[in-house]
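Colleague: Next up, entry28.cif (mmCIF, C-alpha atoms).
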data_data
loop_
_atom_site.label_atom_id
_atom_site.label_comp_id
_atom_site.auth_asym_id
_atom_site.auth_seq_id
_atom_site.Cartn_x
_atom_site.Cartn_y
_atom_site.Cartn_z
CA GLU A 1 45.29 18.27 14.93
CA VAL A 2 43.89 15.15 13.27
CA PHE A 3 44.78 11.61 14.32
CA ASN A 4 44.05 8.72 11.97
CA ALA A 5 42.04 5.83 13.38
CA PRO A 6 43.67 2.36 13.48
CA GLY A 7 43.98 0.97 9.95
CA GLU A 8 43.39 4.36 8.32
CA THR A 9 46.53 5.10 6.34
CA MET A 10 47.11 8.35 4.46
CA TRP A 11 47.13 6.35 1.22
CA LYS A 12 43.74 4.81 1.96
CA LEU A 13 42.18 8.14 2.94
CA TRP A 14 43.62 9.79 -0.17
CA LYS A 15 42.09 7.13 -2.41
CA GLN A 16 38.71 7.57 -0.71
CA ASP A 17 38.88 11.34 -1.10
CA ASN A 18 39.99 11.10 -4.74
CA SER A 19 37.23 8.60 -5.54
CA SER A 20 34.52 10.79 -4.00
CA ASN A 21 35.79 13.90 -5.79
CA ASN A 22 35.62 12.12 -9.14
CA SER A 23 32.07 10.87 -8.62
CA ASN A 24 28.85 12.75 -9.33
CA ASN A 25 27.87 12.59 -5.67
CA LYS A 26 30.86 14.37 -4.17
CA LYS A 27 31.51 13.62 -0.52
CA THR A 28 34.53 14.74 1.43
CA THR A 29 36.13 12.61 4.10
CA LYS A 30 35.36 13.23 7.74
CA HIS A 31 39.04 13.99 8.36
CA TYR A 32 40.01 16.50 5.69
CA LYS A 33 38.13 19.05 3.59
CA SER A 34 40.41 18.26 0.67
CA PHE A 35 43.72 16.47 0.25
CA GLN A 36 44.60 19.16 -2.29
CA LYS A 37 44.83 21.56 0.68
CA LEU A 38 46.76 19.21 2.97
CA SER A 39 50.09 20.83 3.87
CA TRP A 40 51.70 18.40 6.28
CA ALA A 41 51.36 15.25 8.34
CA THR A 42 53.52 13.65 11.03
CA THR A 43 54.56 10.22 12.23
CA GLY A 44 56.52 9.40 15.36
CA TYR A 45 56.53 12.30 17.82
CA HIS A 46 54.06 14.92 16.58
CA TYR A 47 55.26 18.46 16.04
CA ASP A 48 53.18 21.34 17.38
CA TRP A 49 53.58 24.17 14.87
CA THR A 50 51.92 26.71 17.16
CA GLN A 51 54.09 25.98 20.21
CA ARG A 52 57.15 25.08 18.12
CA SER A 53 57.81 21.93 20.10
CA TYR A 54 57.46 18.16 19.95
CA ASP A 55 54.66 16.70 22.03
CA LYS A 56 55.90 13.48 23.60
CA THR A 57 52.36 12.60 24.66
CA ALA A 58 51.27 12.55 20.99
CA HIS A 59 53.03 9.71 19.23
CA SER A 60 52.28 7.43 16.27
CA PRO A 61 54.37 4.54 14.90
CA MET A 62 57.21 5.26 12.49
CA PRO A 63 56.71 3.34 9.19
CA THR A 64 59.16 0.44 8.99
CA LEU A 65 60.38 1.23 5.48
CA LEU A 66 60.96 4.90 6.29
CA HIS A 67 62.81 3.89 9.47
CA ARG A 68 65.11 1.56 7.52
CA VAL A 69 65.81 3.95 4.65
CA SER A 70 66.53 6.99 6.84
CA THR A 71 68.75 4.94 9.17
CA LEU A 72 70.76 3.58 6.21
CA PHE A 73 71.49 7.04 4.84
CA ALA A 74 72.14 8.60 8.24
CA LEU A 75 74.63 5.94 9.34
CA THR A 76 76.41 6.13 5.97
CA ALA A 77 76.72 9.92 6.33
CA LEU A 78 77.94 9.69 9.94
CA ARG A 79 80.64 7.18 9.03
CA TYR A 80 81.79 9.31 6.10
CA TYR A 81 81.79 12.46 8.23
CA HIS A 82 84.12 10.83 10.76
CA HIS A 83 86.30 9.01 8.27
CA PRO A 84 90.03 9.68 8.85
CA GLY A 85 90.18 11.41 5.47
CA THR A 86 87.59 14.03 6.42
CA LYS A 87 88.30 16.80 8.90
CA PRO A 88 85.14 18.62 10.04
CA GLU A 89 86.02 22.09 11.28
CA ASN A 90 83.04 22.82 13.51
CA PRO A 91 81.14 19.67 14.52
CA THR A 92 77.70 20.49 15.88
CA ASN A 93 78.11 18.40 18.99
CA GLY A 94 81.10 16.45 20.24
CA SER A 95 78.88 13.53 21.25
CA THR A 96 78.20 12.41 17.66
CA SER A 97 78.08 8.61 17.45
CA PHE A 98 77.24 5.99 14.85
CA GLN A 99 73.78 5.42 16.31
CA PHE A 100 70.66 6.76 14.61
CA THR A 101 67.08 5.97 15.60
CA PRO A 102 64.57 8.19 13.78
CA SER A 103 61.78 9.17 16.17
CA ALA A 104 59.87 11.80 14.15
CA CYS A 105 58.96 12.35 10.54
CA ILE A 106 57.34 15.49 9.12
CA VAL A 107 55.70 14.94 5.74
CA ASN A 108 55.39 18.20 3.79
CA TYR A 109 53.01 18.38 0.83
CA TYR A 110 53.57 21.02 -1.85
CA ASN A 111 51.24 22.06 -4.66
CA PRO A 112 52.32 24.20 -7.66
CA LYS A 113 51.58 27.42 -5.74
CA SER A 114 53.04 26.54 -2.34
CA LEU A 115 56.48 27.11 -0.86
CA MET A 116 58.26 26.93 2.50
CA GLY A 117 60.07 29.95 3.91
CA GLY A 118 63.55 29.84 5.37
CA HIS A 119 63.72 28.10 8.75
CA ARG A 120 65.97 25.98 10.95
CA ASP A 121 65.23 22.57 12.46
CA ASP A 122 66.66 23.43 15.87
CA LEU A 123 64.19 21.97 18.37
CA GLU A 124 65.46 18.39 18.41
CA LEU A 125 67.58 17.34 21.37
CA ALA A 126 69.94 15.24 19.25
CA LEU A 127 71.41 18.01 17.09
CA ASP A 128 74.48 15.86 16.47
CA LYS A 129 72.35 13.61 14.25
CA PRO A 130 71.58 14.53 10.63
CA ILE A 131 68.24 15.32 9.01
CA VAL A 132 67.29 12.86 6.29
CA SER A 133 64.94 14.33 3.68
CA LEU A 134 63.40 12.19 0.92
CA SER A 135 61.68 13.85 -2.06
CA LEU A 136 58.85 12.22 -4.00
CA GLY A 137 56.58 13.44 -6.80
CA ARG A 138 57.42 16.62 -8.70
CA PRO A 139 60.96 18.05 -8.98
CA ALA A 140 61.52 21.22 -6.97
CA ILE A 141 64.07 23.88 -6.03
CA PHE A 142 65.44 23.50 -2.50
CA LEU A 143 67.20 26.51 -0.97
CA LEU A 144 70.14 26.07 1.42
CA GLY A 145 71.36 29.10 3.35
CA GLY A 146 73.76 29.65 6.22
CA PRO A 147 73.58 29.71 10.04
CA THR A 148 71.68 33.04 9.92
CA LYS A 149 69.25 34.57 7.42
CA ASP A 150 71.84 37.23 6.58
CA ASP A 151 74.49 34.74 5.47
CA ALA A 152 75.21 34.44 1.76
CA PRO A 153 75.15 32.80 -0.64
CA ILE A 154 71.80 31.01 -0.68
CA ARG A 155 72.34 27.90 -2.78
CA PRO A 156 69.50 26.64 -5.02
CA ILE A 157 69.53 22.84 -5.28
CA LEU A 158 67.45 20.78 -7.71
CA VAL A 159 65.70 17.89 -5.95
CA ARG A 160 64.13 15.22 -8.12
CA PRO A 161 61.82 12.30 -7.33
CA GLY A 162 63.78 9.80 -5.25
CA ASP A 163 66.52 12.23 -4.22
CA VAL A 164 67.73 12.14 -0.61
CA MET A 165 68.97 15.35 1.03
CA MET A 166 71.18 15.13 4.10
CA MET A 167 71.72 18.01 6.53
CA GLY A 168 74.27 17.27 9.22
CA GLY A 169 77.60 18.39 10.60
CA ASP A 170 78.37 22.04 9.88
CA CYS A 171 75.09 22.64 8.03
CA ARG A 172 72.78 20.85 10.49
CA LEU A 173 71.42 24.17 11.78
CA ASN A 174 71.51 26.10 8.52
CA PHE A 175 68.43 27.90 7.26
CA HIS A 176 66.68 26.14 4.41
CA GLY A 177 63.40 26.19 2.53
CA MET A 178 61.52 25.20 -0.62
CA ALA A 179 61.29 27.81 -3.37
CA ARG A 180 58.89 26.22 -5.84
CA LEU A 181 57.89 23.12 -7.77
CA LEU A 182 59.11 22.77 -11.34
CA PRO A 183 56.86 22.17 -14.39
CA GLN A 184 55.98 18.62 -15.33
CA ARG A 185 57.35 19.04 -18.85
CA LEU A 186 60.69 17.38 -19.49
CA PRO A 187 63.57 19.42 -20.98
CA PHE A 188 64.11 19.76 -24.71
CA GLY A 189 60.43 19.27 -25.54
CA THR A 190 60.44 15.53 -24.87
CA GLY A 191 56.90 15.51 -23.51
CA THR A 192 55.28 15.46 -20.09
CA ALA A 193 56.87 13.62 -17.19
CA PRO A 194 54.77 10.98 -15.40
CA TRP A 195 54.92 12.92 -12.12
CA PRO A 196 51.88 13.83 -10.02
CA GLU A 197 50.74 17.39 -9.47
CA GLN A 198 52.17 17.51 -5.96
CA GLN A 199 55.57 17.08 -4.39
CA VAL A 200 56.11 15.33 -1.06
CA SER A 201 59.09 15.81 1.22
CA LEU A 202 59.66 13.47 4.16
CA GLU A 203 62.08 14.60 6.87
CA SER A 204 63.24 12.03 9.42
CA LEU A 205 64.68 13.41 12.63
CA VAL A 206 65.93 12.22 15.99
CA VAL A 207 64.00 14.06 18.70
CA SER A 208 65.78 12.65 21.72
#
Could you render the structure from this file as structure tokens?
Modeller:
Amino acid sequence: EVFNAPGETMWKLWKQDNSSNNSNNKKTTKHYKSFQKLSWATTGYHYDWTQRSYDKTAHSPMPTLLHRVSTLFALTALRYYHHPGTKPENPTNGSTSFQFTPSACIVNYYNPKSLMGGHRDDLELALDKPIVSLSLGRPAIFLLGGPTKDDAPIRPILVRPGDVMMMGGDCRLNFHGMARLLPQRLPFGTGTAPWPEQQVSLESLVVS
């Protein structure tokens, strides 16, 4: 696992890597072989993919803007979910409240050939709080399944740059994944969209 030094943001390291790759004297950063091969990064409590657990001894600050945006959407969803006009049939946890403090963010990077298989985000202690997922970059096809891998149907959902996906309530523990990125070309032959080659998905979660 790689930890950035103080003052070394992902944006700064990406610019350094991109600049060196475009120069005649190519030099990779000391942190990553190539940002084109970077699959994920974390802020807040770091997730151990091998152990499938959050390491509370490994923690980095949550970006202020991400904290504010995810909290805004989460609180809006929680209030709507418990509005008198809505009647949830199977709430995930009876302790749901209107408090939301994001404590972990997993940033997933996708290139045109990558995908993410079906999985559940079921290791957080606060399962009564929603997942807030923000998509940036290329449009992509998000897949939403049911509580088990055998449940049907699997719903394909188009996510575009700037879209926010919420998973809470009855679907908080549903299987989900990313099928593929979509081409850069806009529909009806209108040209090429000004989107980068990659797609980035940021998931804010409440660990405890």
Colleague: Please enumerate the residues selected by the PyMOL selection byres ((chain A and resi 67-74) around 10) when evaluated against the supplied file, formatted as a PyMOL selection string.
Modeller: chain A and resi 62-66+75-80+98-105+129-134+164-168+202-205
Colleague: Take the residues that were just selected and, keeping C-alpha atoms, output them as a short mmCIF file (atom, residue, chain, number, x, y, z; two decimals), keeping the file's coordinate frame.
Modeller:
data_model
loop_
_atom_site.label_atom_id
_atom_site.label_comp_id
_atom_site.auth_asym_id
_atom_site.auth_seq_id
_atom_site.Cartn_x
_atom_site.Cartn_y
_atom_site.Cartn_z
CA MET A 62 57.21 5.26 12.49
CA PRO A 63 56.71 3.34 9.19
CA THR A 64 59.16 0.44 8.99
CA LEU A 65 60.38 1.23 5.48
CA LEU A 66 60.96 4.90 6.29
CA LEU A 75 74.63 5.94 9.34
CA THR A 76 76.41 6.13 5.97
CA ALA A 77 76.72 9.92 6.33
CA LEU A 78 77.94 9.69 9.94
CA ARG A 79 80.64 7.18 9.03
CA TYR A 80 81.79 9.31 6.10
CA PHE A 98 77.24 5.99 14.85
CA GLN A 99 73.78 5.42 16.31
CA PHE A 100 70.66 6.76 14.61
CA THR A 101 67.08 5.97 15.60
CA PRO A 102 64.57 8.19 13.78
CA SER A 103 61.78 9.17 16.17
CA ALA A 104 59.87 11.80 14.15
CA CYS A 105 58.96 12.35 10.54
CA LYS A 129 72.35 13.61 14.25
CA PRO A 130 71.58 14.53 10.63
CA ILE A 131 68.24 15.32 9.01
CA VAL A 132 67.29 12.86 6.29
CA SER A 133 64.94 14.33 3.68
CA LEU A 134 63.40 12.19 0.92
CA VAL A 164 67.73 12.14 -0.61
CA MET A 165 68.97 15.35 1.03
CA MET A 166 71.18 15.13 4.10
CA MET A 167 71.72 18.01 6.53
CA GLY A 168 74.27 17.27 9.22
CA LEU A 202 59.66 13.47 4.16
CA GLU A 203 62.08 14.60 6.87
CA SER A 204 63.24 12.03 9.42
CA LEU A 205 64.68 13.41 12.63
#
Colleague: With only C-alpha atoms as the atoms that count, which of A:Ile154, A:Trp49, A:Arg138, A:Leu144 lies nearest to Arg172 of chain A?
Modeller: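 Closest to Arg172 of chain A of all the choices is A:Leu144.
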Colleague: So, counting all atoms listed in the file, which residue among A:Phe142, A:His176, A:Pro147, A:Leu136 is closest to Gly162 of chain A?
Modeller: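 Result for the nearest residue to Gly162 of chain A: A:Leu136.
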Colleague: What does the structure give for the distance between atom CA of Ser114 of chain A and atom CA of Ser135 of chain A, in Å to one decimal?
Modeller: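 Rounded to one decimal, the two atoms are 15.4 Å apart.
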Colleague: At a cut-off of 10 Å, using only C-alpha atoms, what residues contact Asp151 of chain A? Leave out same-chain residues fewer than 5 positions from it and give the result as a VMD selection string.
Modeller: chain A and resid 145 to 146 174 to 175
Colleague: Let me make sure I understand: among A:Asp121, A:Leu127, A:Gly169, A:Ala152, which one has the smallest atom-to-atom distance to Ser53 of chain A if we use only C-alpha atoms?
Modeller: A:Asp121
Colleague: State, in Å with one decimal place, the distance from atom CA of Asp128 of chain A to atom CA of Arg180 of chain A.
Modeller: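 Interatomic distance, atom CA of Asp128 of chain A to atom CA of Arg180 of chain A: 29.1 Å.
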Colleague: Could you tell me which residues the PyMOL selection byres ((chain A and resi 113) around 12) returns for this structure, as JSON, numbers by chain?
Modeller: {"A": [36, 37, 39, 109, 110, 111, 112, 114, 115, 116, 140, 178, 179, 180, 181, 182, 183, 197, 198, 199]}
Colleague: Which neighbours of Thr57 of chain A fall inside 12 Å, counting all atoms listed in the file, when residues of the same chain fewer than 6 positions from it are skipped, and could you give them as a VMD selection string?
Modeller: chain A and resid 44 to 48
Colleague: Env of Trp40 of chain A: 7 Å cut, atoms = all atoms listed in the file, seq-sep filter 4 positions within chain, self excluded. Answer as a list in words.
Modeller: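 Everything that qualifies: Ile106, Val107, Asn108 and Tyr109 of chain A.
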Colleague: If I wrap all listed atoms of segment 160-169 of chain A in a box with edges along x, y and z and add 4 Å on each side, what are its centre and edge lengths in Å to one decimal, as AutoDock Vina command-line options?
Modeller:
--center_x 69.7 --center_y 14.1 --center_z 1.2 --size_x 23.8 --size_y 16.6 --size_z 26.7
Colleague: Find the distance between atom CA of Arg160 of chain A and atom CA of Arg120 of chain A and write it in Å to one decimal.
Modeller: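 We find that atom CA of Arg160 of chain A and atom CA of Arg120 of chain A lie 22.0 Å from each other.
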